[in-house]
Structure formats: structure tokens, C-alpha cells
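**Q** Structure incoming, see below.
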Number of protein chains: 2
Amino acid sequence: MLRFGFDIGGTNIAAGVLDEQNRLIAKDSLKFPRGQGTPEVIETCARLYRSILDVSGIGDERIAGVGVAVPGSVDTRTGTVIDAHNLGFHHTPLEALLKDRLQKPVRLINDADAAALAELRIGALNGTRTAVLITIGTGIGGGLILNGELFVGGRGNGTEPGHMILRNGGLLCTCGVNGCAEVYCSATRLERDGAPLGILGTRALIDAARNGDPAAKRVFDAFIDDLGSYLASIVNLLDPERIAIGGGVCGAGDFLLDPLRENVGRKCFFETCPEIVTATAGNDAGIIGAALSAC
Amino acid sequence: MLRFGFDIGGTNIAAGVLDEQNRLIAKDSLKFPRGQGTPEVIETCARLYRSILDVSGIGDERIAGVGVAVPGSVDTRTGTVIDAHNLGFHHTPLEALLKDRLQKPVRLINDADAAALAELRIGALNGTRTAVLITIGTGIGGGLILNGELFVGGRGNGTEPGHMILRNGGLLCTCGVNGCAEVYCSATRLERDGAPLGILGTRALIDAARNGDPAAKRVFDAFIDDLGSYLASIVNLLDPERIAIGGGVCGAGDFLLDPLRENVGRKCFFETCPEIVTATAGNDAGIIGAALSAC
């Protein structure tokens, strides 16, 4: 049987079909119907579902189940999106709504959890039993693998590693708390600190640092120090086998990873530091993880 | 069958016998043979073991297994104490040494993990599947319950929650890293900040704050803010059902817990905050947890 995954984002709804070998055999996307309410989101999902099956010639009866990933807090026990600000979802029973519309079993999953699940099954965390995915973008997302399985929080609320506090009393986070890791370890931080230097954007800042611009290098080094401390915190709590870093900054490759490994190694309480690698499941990790979470 | 537990500390070696209902039915202690090397520690343990069985009239054949808790990093896979500075153990194969001496199956466990196991089975974490014990003393220790079981780290190194970084770049920790939670959330911090006020000791500082001394109250409030951020970090990562706080500061009762719950609740990313309670397994938690870890 095949599985279908949705990755609902504030810009696009991406979706695809996963075969028995966890390969994405069909995919497509539609614009997210911004500002049009939940019923239109459900209709757009249904349209995308039918269109992908039609184009790929896959019969609806071959789809065993559907997974749906959203950027926000979810209650996996009730299938409810608690808050997904970008989507306008607040206490939205998305699992039930989609199940009703598609007449398929539906499983709701946080998008960062979906990405971690994809890394576990087909990506950089494959073969681990205790591992962490940290996705560095506008904010910080992530997922935990514990005992060989995706960990969706002790109360089903998921994990919000970006809101661990790294500099208590520091800069204000979008969540209203001061000093969250997200404020210091996201791509937004590189942009924020690059701007006064006239360097616009994460990639430009990293390129300038790599090319020896001293001011850009200082910004980058400070970022590495914060990110290193943040990862060391997670290491010292969970002692994971491996940490995968996802998101655009990974394009920096060893220029990011080498100093980061050195930094975390120095702050790690244990004799050896876990592996730190880049995520490999790619842009489709959300779709794949959502499908993997389906029944 | 009964189980035997050792709690080896730098001052005393405490030990006792646990019955089938997890009740401590016999216990005693001997001074830790400081500076006399590992063989003398093993002999002291053996002496204590025999003495407890003799005094209580329990036959050696009724002891199914032995657990031994130590304050330090342990490799539970090999039964080796990696580092327990207070005991002078470095890469000490304690499990094998004790097994050889006592002719019993022996299991090694970190003392904070032992305490968490005791809280899980007979204390404040009973009935939980995902929970955290944080013990506030000279430093910060702790243990994690994940999926209803003690979590000893993804690589078997245990958990070192005191070395999560709470104020990156802050004050130097004994571990050599700047800004560890231990520096800001331990009893040592209250002593450190109380001393310039002429208030000596954690209890005196808390009493002065409770009695309305404004300077002491400021120190206490700052401590609550750091401890609240620290616990919020753990909450936002693991979404636990319950957090138990152990150690001497718990004597402060609701004077500690009420503002702490308010503080963590404000910084918790989720809609509701997990329960925050005091640990209840008491001073024998190490012995009990060690015995519980035995085969």
C-alpha cells in the first residue's frame, strides 16, 4: 500500500505519494489559500490530493493513509492544530476535517517532527536510536528521536527546541520570552547582525566570512559560539548518538560544521561528542515525514 | 527476592536492602575510605554488605542482585565509572570489581539517575511516563524518565542537565564551560549571592527573603528567574508531564514552588505547564534507586 503526505506551509501546500520503499513517486503543490479560512484549506488539500493521484495514475484505493504536517503546535492525541499562526489555524481539528473530506485515515504531525521522521527513515539519522534534528531557518525547529522512534513530547505537545533558553534575560524572542535559542541560532540572527555591516542575507554573510571579511567573520564566530552552546545543552541532557542540522545555513558545509564540531566538543560534558552532520532528506522531508507518519 | 543498593558518596557509603514491595527493610553506612584507592572502597562495600545482612538476619541467598550508585559519569553498557572525582574513580570497572567481590549480579548507575528511578517507582514521579527530576544542591543533578523508564542517555553516558547552558558566555562552571545552569540554579548560587549581603548559607538566604529582607528577596527572585528559564528549556524540549525538584532548597516549600510555577508557566511554549512538585523519595533515594536498578 502507498501513503500520502501533505506539508502545509504558509506559502504552499506541497504533497506527494510514498511507495513501500519510502520513495516519493509523485508530488505537486498548490498555493496556500491565504486568508480564506479553514474550509478552503481543506478544499485545496482535496484538490491537490485528487490531482496528484490523477496525474500519476494512482488509484485512490491504493492509498492506505494520509499524513499532514503543519508548522505549529499540534496535539497528536486529538489530531488538533493548537496554533499554526502562518496558516490561521487555532484549535483546528485538522485530522478530523481532512479524514471527513478524503475518507482516509489521517495523522497530524508537526512539520519539524515530520522532517525528523524523514531523516530517521531515509536520511541522516537513519540507524540511530537517540538523535536530534535541528532545522535552522527563520526560526529554529527540530525533532527528537528517542528509543528509535519519533518523540512527540511527553504530553503530546511535540518539541520546541528553538524555545530552549540560551541567554536568559537576553534579546526578546517572537514567543515573548527573552533569550530563546531561536533568537541567537537562527538564520535571522545572521541577517540581523549582518545588516549593520551592509551585508544582506544569510548566504552573503557566510560568503563574506568565508572570504575573510573580519567583521563578517566575527558575526559568524559569535553565531557558532551560540549554536555550539545550544547543541551542547541538548547533548548534555540527552547524550544523543547524532545531531543533524537542516536548513539553508547547511549550504555552508564544513565551513559551518568544522568549527561547530570543535565548539560542541569543547562544551560537551561527556568524553566524546556525538556526530554532527547535515540533514539529507532535503526539501521534501516534510511531505515524506508526513506520509511516514500515516497509518 | 530482595535487592541490595549502595549509594557511594565522597563522605559516606550508604547501603540497604529493598523488599519485593520496594520498601527499605535494612540500611546502614560506613565512612568512605578517602584517599585509599579502589581496593579499599570495594572492601568497605563488602564489609557494609555483610554487616547489613548480618544485623538484619537476611541470608545472602535472598539477595537477587546489587545496584551501586555513584556521583559521576558512568558507562552503563560496560559498568565502568568514567569519572567520579569525589571518589577518585577514573575509568574504574566498578561493576566487575563488586561482582567479583560479592559474587552477585551488580548494576552501576549514576546517583542522580538512581534518585530519579526512586522517584518514579515510589516517589513524586510515580505514574508518569515522561518526567524529570532536578536535584538542586552544591551542583545540579537530575534524571529523565522517558517512555515510562529511566533514560540513561542515548550513548549510555547518562544525563547531565546541570551542564545545559543557560547564560551562554556567563560565569565559569566547574566543568570549564561558561554559563552552565549549575552556576545559576544551584544552592551554591544562593550562597554566592548571599555572602556579600552578610547572609551565610542557602537556608539563611531563603529565610531572609521570606522575612522580607529586600536585598535577599532580590537574590531569591533572580534565582527563581534563572531556575524558571532553566526548567522552561527542559519543558520546551521534552514536554514532560511532571518535574520534581529535589535537594535542600525544597525545604522552602511553596515559597519556592509558587513563584517557580508562575515563572515556568510564563516561559513554557505550550498552552499548559507541566506539574512542578518536590521530590519525595528522601535521603534514601540513592540507595533505593540503586537497588531498583539491580537485576
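Identifiers in the C-alpha cells: chain A, B, ... in order shown; residue index from 1 per chain; ligand index from 1 in order shown.
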Could you list, as a ChimeraX atom specification, the residues of chain B having an atom within 8 Å of chain A when counting only C-alpha atoms?
**A** /B:73,129-131,146,153-161,163-168,175,177,226,229-230,232-234,236-241,267,269-270
**Q** When you look at range 16-31 of chain A with a cut-off of 6 Å (counting only C-alpha atoms), what residues show up, excluding the ones that are within fewer than 6 positions of it in the same chain? I need them as a list in words.
**A** Leu2, Arg3, Phe4 and Gly5 of chain A
**Q** Convert the current residue selection to file output with C-alpha atoms, as a PDB file, in the first residue's frame.
**A**
```pdb
ATOM      1  CA  LEU A   2       1.015   3.601  -0.620  1.00  0.00           C
ATOM      2  CA  ARG A   3       0.929   6.572   1.761  1.00  0.00           C
ATOM      3  CA  PHE A   4       0.120  10.180   1.044  1.00  0.00           C
ATOM      4  CA  GLY A   5       1.742  13.171   2.753  1.00  0.00           C
TER       5      GLY A   5
END
```
**Q** In Å, rounded to a single decimal, give me how far CA of Asp221 in chain B is from CA of Val249 in chain B.
**A**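 Atom-to-atom, CA of Val249 in chain B and CA of Asp221 in chain B are spaced 13.8 Å apart.
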**Q** Extract the full set of strand (DSSP E or B) residues from range 92-199 of chain B according to DSSP on the backbone, and format it as a PyMOL selection string.
**A** chain B and resi 92+106-110+131-136+140-146+149-151+165+167+172+178+180
**Q** Could you save those same residues with N, CA and C atoms as an mmCIF file, in the first residue's frame?
**A**
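Here's the written file selection.cif:
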```
data_model
loop_
_atom_site.group_PDB
_atom_site.id
_atom_site.type_symbol
_atom_site.label_atom_id
_atom_site.label_comp_id
_atom_site.auth_asym_id
_atom_site.auth_seq_id
_atom_site.Cartn_x
_atom_site.Cartn_y
_atom_site.Cartn_z
ATOM 1 N N THR B 92 37.054 3.287 36.175
ATOM 2 C CA THR B 92 37.078 2.198 37.159
ATOM 3 C C THR B 92 35.968 1.193 36.839
ATOM 4 N N VAL B 106 25.758 -7.280 39.568
ATOM 5 C CA VAL B 106 25.866 -5.883 40.003
ATOM 6 C C VAL B 106 25.509 -4.956 38.840
ATOM 7 N N ARG B 107 24.736 -3.905 39.147
ATOM 8 C CA ARG B 107 24.440 -2.893 38.128
ATOM 9 C C ARG B 107 24.897 -1.532 38.640
ATOM 10 N N LEU B 108 25.624 -0.827 37.781
ATOM 11 C CA LEU B 108 26.130 0.503 38.092
ATOM 12 C C LEU B 108 25.141 1.548 37.596
ATOM 13 N N ILE B 109 24.955 2.610 38.375
ATOM 14 C CA ILE B 109 24.024 3.668 37.976
ATOM 15 C C ILE B 109 24.539 4.995 38.537
ATOM 16 N N ASN B 110 24.332 6.040 37.800
ATOM 17 C CA ASN B 110 24.647 7.386 38.290
ATOM 18 C C ASN B 110 23.717 7.714 39.460
ATOM 19 N N ALA B 131 9.042 12.382 32.553
ATOM 20 C CA ALA B 131 9.180 13.247 33.713
ATOM 21 C C ALA B 131 10.651 13.522 33.977
ATOM 22 N N VAL B 132 10.888 14.503 34.803
ATOM 23 C CA VAL B 132 12.247 14.972 35.050
ATOM 24 C C VAL B 132 12.436 15.170 36.552
ATOM 25 N N LEU B 133 13.569 14.704 37.061
ATOM 26 C CA LEU B 133 13.983 15.058 38.424
ATOM 27 C C LEU B 133 15.172 15.997 38.311
ATOM 28 N N ILE B 134 15.085 17.136 38.970
ATOM 29 C CA ILE B 134 16.219 18.056 39.054
ATOM 30 C C ILE B 134 16.560 18.194 40.535
ATOM 31 N N THR B 135 17.780 17.829 40.885
ATOM 32 C CA THR B 135 18.217 17.908 42.270
ATOM 33 C C THR B 135 19.149 19.103 42.423
ATOM 34 N N ILE B 136 18.736 20.010 43.286
ATOM 35 C CA ILE B 136 19.461 21.261 43.472
ATOM 36 C C ILE B 136 20.293 21.175 44.746
ATOM 37 N N ILE B 140 23.980 20.825 40.206
ATOM 38 C CA ILE B 140 22.653 20.397 39.754
ATOM 39 C C ILE B 140 22.792 18.993 39.189
ATOM 40 N N GLY B 141 21.996 18.074 39.715
ATOM 41 C CA GLY B 141 21.942 16.745 39.139
ATOM 42 C C GLY B 141 20.541 16.484 38.644
ATOM 43 N N GLY B 142 20.347 15.343 38.043
ATOM 44 C CA GLY B 142 18.993 15.066 37.597
ATOM 45 C C GLY B 142 18.894 13.780 36.839
ATOM 46 N N GLY B 143 17.681 13.382 36.583
ATOM 47 C CA GLY B 143 17.435 12.175 35.822
ATOM 48 C C GLY B 143 16.188 12.347 34.982
ATOM 49 N N LEU B 144 16.118 11.599 33.907
ATOM 50 C CA LEU B 144 14.983 11.689 32.980
ATOM 51 C C LEU B 144 14.226 10.378 32.936
ATOM 52 N N ILE B 145 12.918 10.478 32.955
ATOM 53 C CA ILE B 145 12.050 9.335 32.711
ATOM 54 C C ILE B 145 11.427 9.545 31.334
ATOM 55 N N LEU B 146 11.696 8.636 30.422
ATOM 56 C CA LEU B 146 11.125 8.734 29.077
ATOM 57 C C LEU B 146 10.454 7.411 28.754
ATOM 58 N N GLU B 149 10.369 4.786 31.494
ATOM 59 C CA GLU B 149 11.583 4.170 32.028
ATOM 60 C C GLU B 149 12.686 5.196 32.218
ATOM 61 N N LEU B 150 13.617 4.855 33.112
ATOM 62 C CA LEU B 150 14.781 5.711 33.290
ATOM 63 C C LEU B 150 15.560 5.781 31.980
ATOM 64 N N PHE B 151 15.904 7.003 31.588
ATOM 65 C CA PHE B 151 16.677 7.213 30.355
ATOM 66 C C PHE B 151 18.122 7.486 30.742
ATOM 67 N N ILE B 165 23.398 24.888 29.012
ATOM 68 C CA ILE B 165 23.908 26.258 29.115
ATOM 69 C C ILE B 165 22.739 27.240 29.159
ATOM 70 N N ARG B 167 23.139 30.678 30.369
ATOM 71 C CA ARG B 167 23.583 32.047 30.078
ATOM 72 C C ARG B 167 24.896 31.942 29.323
ATOM 73 N N LEU B 172 31.897 31.169 34.826
ATOM 74 C CA LEU B 172 32.573 29.903 34.569
ATOM 75 C C LEU B 172 32.064 28.803 35.508
ATOM 76 N N ASN B 178 31.433 28.226 30.240
ATOM 77 C CA ASN B 178 30.793 29.408 30.799
ATOM 78 C C ASN B 178 29.271 29.333 30.691
ATOM 79 N N CYS B 180 26.839 27.529 32.492
ATOM 80 C CA CYS B 180 26.024 26.338 32.748
ATOM 81 C C CYS B 180 24.913 26.650 33.757
#
```
**Q** Report the residues of range 26-158 of chain B whose backbone DSSP state falls under helix (DSSP H, G or I), written as a count of residues only.
**A** 47
**Q** Which residue is closest to Pro105 in chain A? Choose from A:Leu197, A:Gly282, A:Cys185, A:Ala291 and count only C-alpha atoms.
**A** A:Ala291
**Q** For a quick check of understanding, using only C-alpha atoms, which of A:Asp207, A:Glu40, A:Asp284, A:Glu119 has the smallest distance to Ala252 in chain A?
**A** A:Asp207
**Q** Any idea what the distance is between CA of Ile122 in chain A and CA of Glu182 in chain A?
**A** 26.7 Å
**Q** Could you tell me how far CA of Glu43 in chain A lies from CA of Asn283 in chain A, in Å and to one decimal?
**A**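 Those two atoms sit 24.0 Å apart.
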**Q** For Phe255 in chain A, which of A:Cys273, A:Ala195, A:Ala208, A:Leu98 is the closest residue, counting only C-alpha atoms?
**A**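 Smallest separation from Phe255 in chain A among the options: A:Ala208.
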**Q** For Gly9 in chain A, which of A:Phe89, A:Tyr49, A:Phe220, A:Tyr184 is the closest residue, counting only C-alpha atoms?
**A**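 Closest to Gly9 in chain A, using only C-alpha atoms: A:Phe89.
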